[in-house]
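Data from entry33.cif: mmCIF, C-alpha atoms
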```cif
data_query
loop_
_atom_site.label_atom_id
_atom_site.label_comp_id
_atom_site.auth_asym_id
_atom_site.auth_seq_id
_atom_site.Cartn_x
_atom_site.Cartn_y
_atom_site.Cartn_z
CA MET A 184 53.79 126.11 60.73
CA LYS A 185 50.63 126.94 62.62
CA ASP A 186 48.90 130.08 61.36
CA LYS A 187 49.69 132.74 63.94
CA GLN A 188 46.32 134.36 63.15
CA LEU A 189 44.40 131.17 63.95
CA LYS A 190 41.72 132.13 66.43
CA PRO A 191 41.22 129.61 69.26
CA LEU A 192 37.90 127.79 69.27
CA ALA A 193 35.55 127.49 72.23
CA GLY A 194 31.89 126.64 72.69
CA ILE A 195 29.64 124.18 70.90
CA ILE A 196 31.02 122.60 67.75
CA VAL A 197 28.22 120.67 66.07
CA PRO A 198 29.28 117.27 64.67
CA LEU A 199 27.08 117.49 61.61
CA VAL A 200 25.15 114.46 60.41
CA THR A 201 25.59 113.67 56.73
CA PRO A 202 22.16 114.10 55.10
CA LEU A 203 21.65 111.42 52.45
CA SER A 204 19.03 110.76 49.82
CA GLY A 205 17.47 107.36 49.22
CA ASP A 206 20.01 106.53 46.51
CA GLY A 207 22.96 107.29 48.79
CA ARG A 208 23.80 110.72 47.41
CA ILE A 209 24.43 113.74 49.60
CA ASP A 210 21.07 115.44 50.26
CA ILE A 211 22.13 118.98 49.34
CA THR A 212 18.78 120.54 50.25
CA GLY A 213 18.85 118.81 53.62
CA LEU A 214 22.46 119.83 54.20
CA ASN A 215 21.58 123.44 53.47
CA ASN A 216 18.60 123.27 55.85
CA LEU A 217 20.72 121.70 58.58
CA ILE A 218 23.56 124.20 58.32
CA GLU A 219 21.20 127.17 58.38
CA HIS A 220 19.40 125.63 61.37
CA VAL A 221 22.56 125.24 63.47
CA ILE A 222 23.84 128.69 62.52
CA ARG A 223 20.54 130.21 63.70
CA GLY A 224 20.98 128.24 66.91
CA GLY A 225 24.26 129.99 67.66
CA VAL A 226 26.79 127.16 67.46
CA HIS A 227 30.43 128.16 67.38
CA GLY A 228 31.69 125.81 64.67
CA VAL A 229 30.87 122.85 62.41
CA PHE A 230 32.62 119.47 62.34
CA ILE A 231 31.92 117.16 59.41
CA LEU A 232 32.90 113.56 58.67
CA GLY A 233 33.15 112.44 62.26
CA THR A 234 31.29 109.59 63.95
CA THR A 235 27.95 111.39 63.81
CA GLY A 236 28.71 112.13 60.15
CA GLU A 237 29.10 108.39 59.40
CA ALA A 238 32.41 109.09 57.67
CA GLN A 239 33.63 105.51 57.70
CA SER A 240 30.49 104.38 55.86
CA LEU A 241 30.95 106.96 53.10
CA SER A 242 32.99 106.64 49.92
CA MET A 243 35.84 109.02 49.21
CA ARG A 244 33.66 110.67 46.58
CA GLN A 245 30.89 111.25 49.13
CA ARG A 246 33.35 112.61 51.69
CA GLU A 247 34.92 114.97 49.18
CA GLU A 248 31.47 116.19 48.12
CA MET A 249 30.50 116.73 51.76
CA ILE A 250 33.59 118.91 52.26
CA LYS A 251 32.92 120.94 49.11
CA GLU A 252 29.19 121.48 49.71
CA THR A 253 29.48 122.21 53.42
CA SER A 254 32.14 124.83 52.76
CA ARG A 255 30.05 126.39 50.00
CA ILE A 256 26.94 126.62 52.19
CA LEU A 257 28.82 127.86 55.26
CA GLY A 258 30.51 130.61 53.28
CA ASN A 259 33.06 131.26 56.06
CA ARG A 260 30.32 132.11 58.56
CA LEU A 261 31.65 129.53 61.01
CA PRO A 262 34.94 127.64 61.43
CA LEU A 263 34.85 124.29 59.63
CA LEU A 264 36.59 121.21 61.01
CA VAL A 265 36.92 118.18 58.74
CA GLY A 266 37.37 114.58 59.80
CA ILE A 267 40.13 112.77 57.92
CA SER A 268 40.17 109.53 59.94
CA ASP A 269 41.02 106.51 57.81
CA THR A 270 43.02 103.29 57.77
CA SER A 271 45.01 104.74 54.88
CA LEU A 272 47.41 107.57 55.63
CA GLY A 273 47.32 108.55 51.95
CA ASP A 274 43.53 108.91 51.94
CA SER A 275 43.70 111.00 55.13
CA VAL A 276 46.16 113.34 53.45
CA THR A 277 43.95 113.54 50.35
CA LEU A 278 40.96 114.53 52.48
CA ALA A 279 43.09 117.08 54.33
CA GLN A 280 44.08 118.65 51.02
CA LYS A 281 40.39 118.90 50.03
CA ALA A 282 39.67 120.50 53.40
CA TYR A 283 42.49 122.99 52.86
CA GLU A 284 41.18 123.90 49.41
CA ALA A 285 37.73 124.40 50.94
CA GLY A 286 39.08 126.85 53.51
CA ALA A 287 38.67 124.64 56.59
CA TYR A 288 39.94 125.76 59.99
CA ALA A 289 41.52 122.41 60.87
CA VAL A 290 41.32 118.67 60.35
CA VAL A 291 40.47 115.98 62.90
CA ALA A 292 41.81 112.41 63.03
CA THR A 293 41.40 109.31 65.17
CA PRO A 294 44.08 106.66 65.39
CA PRO A 295 43.98 104.31 62.40
CA TYR A 296 41.58 101.49 63.22
CA TYR A 297 41.29 97.72 62.62
CA PHE A 298 44.75 96.89 63.97
CA THR A 299 45.39 97.88 67.59
CA THR A 300 48.32 100.30 67.81
CA ALA A 301 50.81 100.79 70.62
CA GLN A 302 51.46 104.29 71.97
CA SER A 303 54.88 104.39 70.28
CA GLU A 304 53.20 103.48 67.00
CA LEU A 305 50.61 106.22 67.52
CA ILE A 306 53.39 108.75 67.98
CA ASP A 307 55.15 107.59 64.82
CA TYR A 308 51.92 107.56 62.83
CA PHE A 309 50.79 111.04 63.85
CA GLU A 310 54.22 112.60 63.52
CA ASN A 311 54.29 111.26 59.97
CA LEU A 312 50.70 112.37 59.26
CA VAL A 313 51.20 115.88 60.64
CA SER A 314 54.28 116.40 58.48
CA LEU A 315 52.07 115.87 55.40
CA LEU A 316 49.10 118.00 56.43
CA PRO A 317 48.34 121.46 55.02
CA LEU A 318 46.16 122.32 58.06
CA PRO A 319 46.38 122.12 61.87
CA LEU A 320 45.18 118.90 63.50
CA PHE A 321 42.88 117.95 66.35
CA LEU A 322 43.54 114.50 67.82
CA TYR A 323 40.29 112.54 68.16
CA ASN A 324 39.93 109.93 70.90
CA MET A 325 37.25 107.33 70.09
CA PRO A 326 38.45 104.12 71.76
CA VAL A 327 35.19 102.21 71.37
CA HIS A 328 35.75 102.20 67.61
CA THR A 329 39.55 102.36 67.30
CA LYS A 330 40.46 99.92 70.13
CA VAL A 331 43.08 102.30 71.46
CA SER A 332 43.07 105.45 73.59
CA PHE A 333 45.69 108.19 73.50
CA ASP A 334 47.76 108.16 76.68
CA ALA A 335 47.93 111.63 78.20
CA GLU A 336 51.70 111.64 77.75
CA THR A 337 51.27 110.69 74.09
CA ILE A 338 49.04 113.74 73.60
CA LYS A 339 51.60 115.93 75.35
CA ARG A 340 54.37 114.55 73.12
CA LEU A 341 52.39 115.09 69.91
CA ALA A 342 51.34 118.59 70.98
CA GLN A 343 54.99 119.63 70.98
CA ASN A 344 54.39 120.04 67.25
CA GLU A 345 52.64 123.38 66.90
CA LYS A 346 50.40 121.98 64.15
CA VAL A 347 48.72 119.70 66.73
CA ILE A 348 46.35 122.26 68.23
CA GLY A 349 43.67 120.34 70.10
CA PHE A 350 41.99 117.19 71.33
CA LYS A 351 38.45 115.87 71.07
CA ASP A 352 37.59 113.12 73.56
CA SER A 353 34.67 110.76 73.03
CA SER A 354 35.73 108.14 75.56
CA ALA A 355 32.94 109.13 78.01
CA ASN A 356 35.55 108.61 80.74
CA GLY A 357 35.66 111.66 82.98
CA THR A 358 38.69 110.49 84.94
CA TYR A 359 40.65 109.99 81.75
CA LEU A 360 39.74 113.42 80.38
CA GLN A 361 40.62 115.07 83.69
CA THR A 362 44.03 113.40 83.46
CA VAL A 363 44.53 114.76 79.95
CA MET A 364 43.49 118.25 81.04
CA TYR A 365 45.87 118.09 84.02
CA THR A 366 48.72 116.84 81.84
CA MET A 367 48.15 119.64 79.31
CA LYS A 368 47.70 122.42 81.90
CA GLU A 369 51.00 124.09 80.93
CA ASN A 370 49.80 124.44 77.33
CA PRO A 371 46.70 126.68 77.68
CA GLU A 372 46.46 127.27 73.93
CA PHE A 373 45.86 123.55 73.35
CA MET A 374 42.09 123.20 72.86
CA ILE A 375 40.18 120.39 74.58
CA PHE A 376 36.64 119.41 73.63
CA VAL A 377 34.36 116.69 74.97
CA GLY A 378 32.11 114.58 72.78
CA PRO A 379 29.39 113.09 75.03
CA GLU A 380 26.89 115.88 75.66
CA GLU A 381 25.86 114.34 78.97
CA MET A 382 29.21 115.38 80.45
CA THR A 383 29.96 118.59 78.52
CA ALA A 384 28.86 121.01 81.26
CA GLU A 385 30.89 119.18 83.90
CA MET A 386 34.04 119.26 81.77
CA VAL A 387 33.58 122.93 80.79
CA LEU A 388 33.23 123.78 84.47
CA MET A 389 36.56 122.03 85.00
CA GLY A 390 38.26 123.92 82.18
CA ALA A 391 37.47 122.21 78.87
CA ASP A 392 36.94 124.52 75.90
CA GLY A 393 33.57 123.16 74.87
CA GLY A 394 31.55 120.29 73.49
CA VAL A 395 31.20 118.51 70.16
CA ASN A 396 27.62 117.48 70.80
CA GLY A 397 25.39 115.54 68.41
CA GLY A 398 22.22 116.93 69.93
CA ALA A 399 23.20 120.37 68.65
CA ASN A 400 22.06 119.15 65.22
CA LEU A 401 18.54 119.15 66.64
CA PHE A 402 18.46 121.76 69.38
CA PRO A 403 21.52 123.98 68.92
CA GLU A 404 20.27 126.76 71.19
CA LEU A 405 19.93 124.33 74.11
CA TYR A 406 23.55 123.22 73.93
CA VAL A 407 24.84 126.75 73.43
CA LYS A 408 22.91 127.85 76.52
CA LEU A 409 24.35 124.94 78.50
CA TYR A 410 27.88 125.85 77.43
CA ASN A 411 27.35 129.51 78.31
CA ALA A 412 25.96 128.61 81.73
CA ALA A 413 28.89 126.32 82.47
CA LYS A 414 31.41 128.85 81.19
CA SER A 415 29.96 131.52 83.49
CA HIS A 416 29.71 129.03 86.40
CA ASP A 417 25.96 129.58 86.73
CA ILE A 418 25.39 126.31 88.57
CA GLU A 419 21.64 126.63 89.00
CA LYS A 420 21.19 127.23 85.29
CA VAL A 421 23.54 124.36 84.48
CA ARG A 422 21.44 122.03 86.62
CA ASP A 423 18.26 123.04 84.83
CA LEU A 424 19.71 122.83 81.33
CA GLN A 425 21.48 119.55 82.09
CA GLN A 426 18.08 117.97 82.80
CA ARG A 427 16.88 119.13 79.39
CA VAL A 428 19.95 117.73 77.68
CA MET A 429 19.44 114.41 79.47
CA ARG A 430 15.86 114.35 78.24
CA VAL A 431 17.09 114.61 74.66
CA SER A 432 19.68 111.91 75.28
CA THR A 433 17.32 109.42 76.89
CA ASN A 434 14.35 109.99 74.58
CA ILE A 435 16.00 110.31 71.18
CA TYR A 436 19.13 108.14 71.26
CA SER A 437 17.85 104.93 72.85
CA LYS A 438 14.99 103.70 70.68
CA SER A 439 16.58 100.39 69.76
CA ARG A 440 19.02 97.92 71.32
CA TYR A 441 21.64 98.46 68.61
CA ALA A 442 24.76 100.59 68.88
CA SER A 443 23.51 102.61 65.90
CA SER A 444 20.47 103.79 67.89
CA TYR A 445 22.08 107.17 68.66
CA LEU A 446 22.72 107.97 65.03
CA ILE A 447 19.49 106.56 63.61
CA GLY A 448 17.44 108.25 66.34
CA LEU A 449 19.14 111.57 65.65
CA LYS A 450 18.53 111.34 61.92
CA CYS A 451 14.93 110.27 62.46
CA ALA A 452 14.36 113.26 64.75
CA LEU A 453 15.85 115.61 62.13
CA SER A 454 13.45 114.12 59.60
CA VAL A 455 10.50 114.58 61.96
CA ALA A 456 11.59 118.21 62.39
CA GLY A 457 11.54 118.65 58.61
CA ILE A 458 15.24 119.48 58.39
CA CYS A 459 16.67 116.60 56.34
CA ASN A 460 16.06 112.99 55.32
CA ASP A 461 16.57 110.14 57.76
CA PHE A 462 18.44 107.81 55.38
CA PRO A 463 21.58 106.47 57.07
CA ALA A 464 24.65 105.19 55.31
CA MET A 465 24.93 101.43 54.94
CA PRO A 466 24.80 99.03 56.73
CA PHE A 467 22.16 100.77 58.85
CA VAL A 468 18.48 101.25 58.08
CA HIS A 469 16.14 103.97 59.23
CA PHE A 470 13.54 103.39 61.95
CA ASP A 471 10.30 101.58 61.22
CA LYS A 472 6.93 103.28 61.65
CA GLU A 473 6.59 102.25 65.30
CA ARG A 474 9.92 103.75 66.33
CA ARG A 475 9.36 106.82 64.19
CA ASN A 476 6.10 107.39 66.07
CA GLU A 477 8.05 107.14 69.33
CA ILE A 478 10.50 109.77 68.06
CA GLU A 479 7.63 112.03 67.00
CA LYS A 480 6.14 111.85 70.51
CA ALA A 481 9.52 112.47 72.11
CA MET A 482 10.20 115.44 69.85
CA LYS A 483 6.84 117.02 70.64
CA SER A 484 7.44 116.58 74.36
CA ILE A 485 10.95 118.07 74.18
CA GLU A 486 9.84 120.98 72.01
CA ASN A 487 7.01 121.77 74.44
CA MET A 488 9.52 121.73 77.29
CA LEU A 489 11.87 124.09 75.45
CA ASP A 490 9.02 126.40 74.37
CA ALA A 491 7.99 126.71 78.01
CA ASP A 492 11.41 128.07 78.94
#
```

Written as structure tokens, that's how I'd like the structure from this file.
Amino acid sequence: MKDKQLKPLAGIIVPLVTPLSGDGRIDITGLNNLIEHVIRGGVHGVFILGTTGEAQSLSMRQREEMIKETSRILGNRLPLLVGISDTSLGDSVTLAQKAYEAGAYAVVATPPYYFTTAQSELIDYFENLVSLLPLPLFLYNMPVHTKVSFDAETIKRLAQNEKVIGFKDSSANGTYLQTVMYTMKENPEFMIFVGPEEMTAEMVLMGADGGVNGGANLFPELYVKLYNAAKSHDIEKVRDLQQRVMRVSTNIYSKSRYASSYLIGLKCALSVAGICNDFPAMPFVHFDKERRNEIEKAMKSIENMLDAD
């Protein structure tokens, strides 16, 4: 049963990167720096082991350590959401149990990937998964990586189980998310978050509960301000802050032609800022000196812009 005392979430949930050392271990010092940084920036929650956290490139040992250490450092100061996405239902349940033991708020899961699943199979899979979970669940839509998107009616069906408490959409499809929000309008307690930061303000204006925005690792105050402006329908402020968010997006995430550019650019920028190392999980490699110099210039420009506010 869903905890009746569970407080609904809203605002900016930071999808934390996983700081790594050169030998592939969790960079505990960097993780501590990063968590303290985002807390000072005013974020409303922390989400680990998602796409930005490179969960699918981490071993079970690394993921379990990330849960344990993040919980320890947070110390219940913010709600903790834990990604349990996997191709193995058993491993997802194991991670959920670790999250429960660590005091997490909820777990988050995409559809199982590799094989493409039908909507009826998604329903069967998640109904089975939810029955085994010790925590509430957010459904996580990431079709570019899972090859399937939750139909709005599938979400509505799964949300009949009170342990299915929310939805995080990273499809970058505004029409799709509007359809989900419309379909779920009779369930106001069901929380809806948007992944792509470029469209967070728009979706919050239309009724979404907030954003799970990677840029909040770097500039948490910026994304919190954007959320607050959208929530209060301060359109002029939204327009100004949206331009700043787009500057982060276009100058930090697009420094190579590879799909990993977002993640590697974000980690490089965190390294430039002195927060944590820029080592990615395999198979990716960190930026070379030329691209790091580009990130350094972009960071200086963005920081000057934010300081002038």

Run the PyMOL selection byres ((chain A and resi 351-357) around 9) on the file and write out the hits as a list of chain:residue names. A:Val291, A:Phe321, A:Leu322, A:Tyr323, A:Asn324, A:Met325, A:Pro326, A:Val327, A:Ser332, A:Gly349, A:Phe350, A:Thr358, A:Tyr359, A:Leu360, A:Gln361, A:Thr362, A:Met374, A:Ile375, A:Phe376, A:Val377, A:Gly378, A:Pro379, A:Glu381, A:Met382, A:Glu385, A:Met386, A:Gly394, A:Val395

Selection near Phe298 (chain A), 10 Å with only C-alpha atoms, sequence-local residues under 3 positions removed, as a short mmCIF file (atom, residue, chain, number, x, y, z; two decimals) with C-alpha atoms, in the coordinates of the input:
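Below is the file result_19.cif, written as the result:
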```cif
data_model
loop_
_atom_site.label_atom_id
_atom_site.label_comp_id
_atom_site.auth_asym_id
_atom_site.auth_seq_id
_atom_site.Cartn_x
_atom_site.Cartn_y
_atom_site.Cartn_z
CA THR A 270 43.02 103.29 57.77
CA PRO A 294 44.08 106.66 65.39
CA PRO A 295 43.98 104.31 62.40
CA ALA A 301 50.81 100.79 70.62
CA THR A 329 39.55 102.36 67.30
CA LYS A 330 40.46 99.92 70.13
CA VAL A 331 43.08 102.30 71.46
#
```

Skipping near chain neighbours, those fewer than 4 positions away, what residues fall within 8 Å of region 244-251 of chain A using all atoms listed in the file, listed as an MDAnalysis selection string? chainID A and resid 201 208:209 231:232 238 255 265 278 281:282 285

Just so the selection is clear, what residues does the PyMOL selection byres ((chain A and resi 218-228) around 6) cover here, as a list in words? Gly194, Ile195, Ile196, Asn215, Asn216, Leu217, Val229, Leu261, Pro262, Pro403 and Glu404 of chain A

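Around Ile478 (chain A), within 9 Å and counting only C-alpha atoms, the residues found are A:Asn434, A:Ile435, A:Lys438, A:Gly448, A:Cys451, A:Ala452, A:Val455, once anything fewer than 6 positions away on its own chain is removed.
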
Any chance you can output those residues with C-alpha atoms as a CSV table (one decimal), in the coordinates of the input?
```
chain,number,residue,atom,x,y,z
A,434,ASN,CA,14.4,110.0,74.6
A,435,ILE,CA,16.0,110.3,71.2
A,438,LYS,CA,15.0,103.7,70.7
A,448,GLY,CA,17.4,108.2,66.3
A,451,CYS,CA,14.9,110.3,62.5
A,452,ALA,CA,14.4,113.3,64.8
A,455,VAL,CA,10.5,114.6,62.0
```

Between CA of Tyr283 (chain A) and CA of Leu318 (chain A), what is the distance, to one decimal in Å? 6.4 Å

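Nearest residue to Val197 (chain A), choosing from A:Leu453, A:Leu257, A:Ile458, A:Tyr406 and counting all atoms listed in the file: A:Tyr406.
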
Of the listed residues A:Leu214, A:Leu272, A:Met364, A:Ala342, that which approaches Glu252 (chain A) most closely, counting only C-alpha atoms: A:Leu214

Name the residues that the PyMOL selection byres ((chain A and resi 337) around 10) pulls out of this structure, and write them as a ChimeraX atom specification. /A:302-303,305-306,332-336,338-342,363

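By chain and then residue number, the residues within 12 Å of Gln425 (chain A) are Glu380, Glu381, Met382, Thr383, Ala384, Glu385, Leu405, Tyr406, Val407, Lys408, Leu409, Tyr410, Ala412, Ala413, Asp417, Ile418, Glu419, Val431 and Ser432 of chain A, counting only C-alpha atoms and disregarding those fewer than 6 positions away in sequence.
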
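Of the listed residues (A:Ser268, A:Ser314, A:Thr253, A:Asn460), A:Ser268 comes nearest to Ser240 (chain A); the distances count all atoms listed in the file.
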
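One finds CA of Glu486 (chain A) at 26.7 Å from CA of Gly233 (chain A).
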
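Between CA of Cys459 (chain A) and CA of Ile485 (chain A) the separation is 18.8 Å.
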
Restricting the calculation to only C-alpha atoms, which member of A:Val276, A:Leu489, A:Leu199, A:Ile348 is positioned closest to Leu316 (chain A)? A:Val276

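Shortest atom-to-atom contact with Ser275 (chain A) among A:Val200, A:Leu189, A:Met488, A:Ala292: A:Ala292, counting only C-alpha atoms.
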
Applying 12 Å and all atoms listed in the file, which residues near Pro466 (chain A) remain after dropping the ones on its own chain fewer than 5 positions away? List them as a list in words. Gly207, Glu237, Gln239, Ser240, Leu241, Ser443 and Ile447 of chain A

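Minimum atom-to-atom distances from A:Asp490, A:Ser444, A:His328, A:Pro317 to Phe402 (chain A) were compared using only C-alpha atoms, and the lowest value belongs to A:Asp490.
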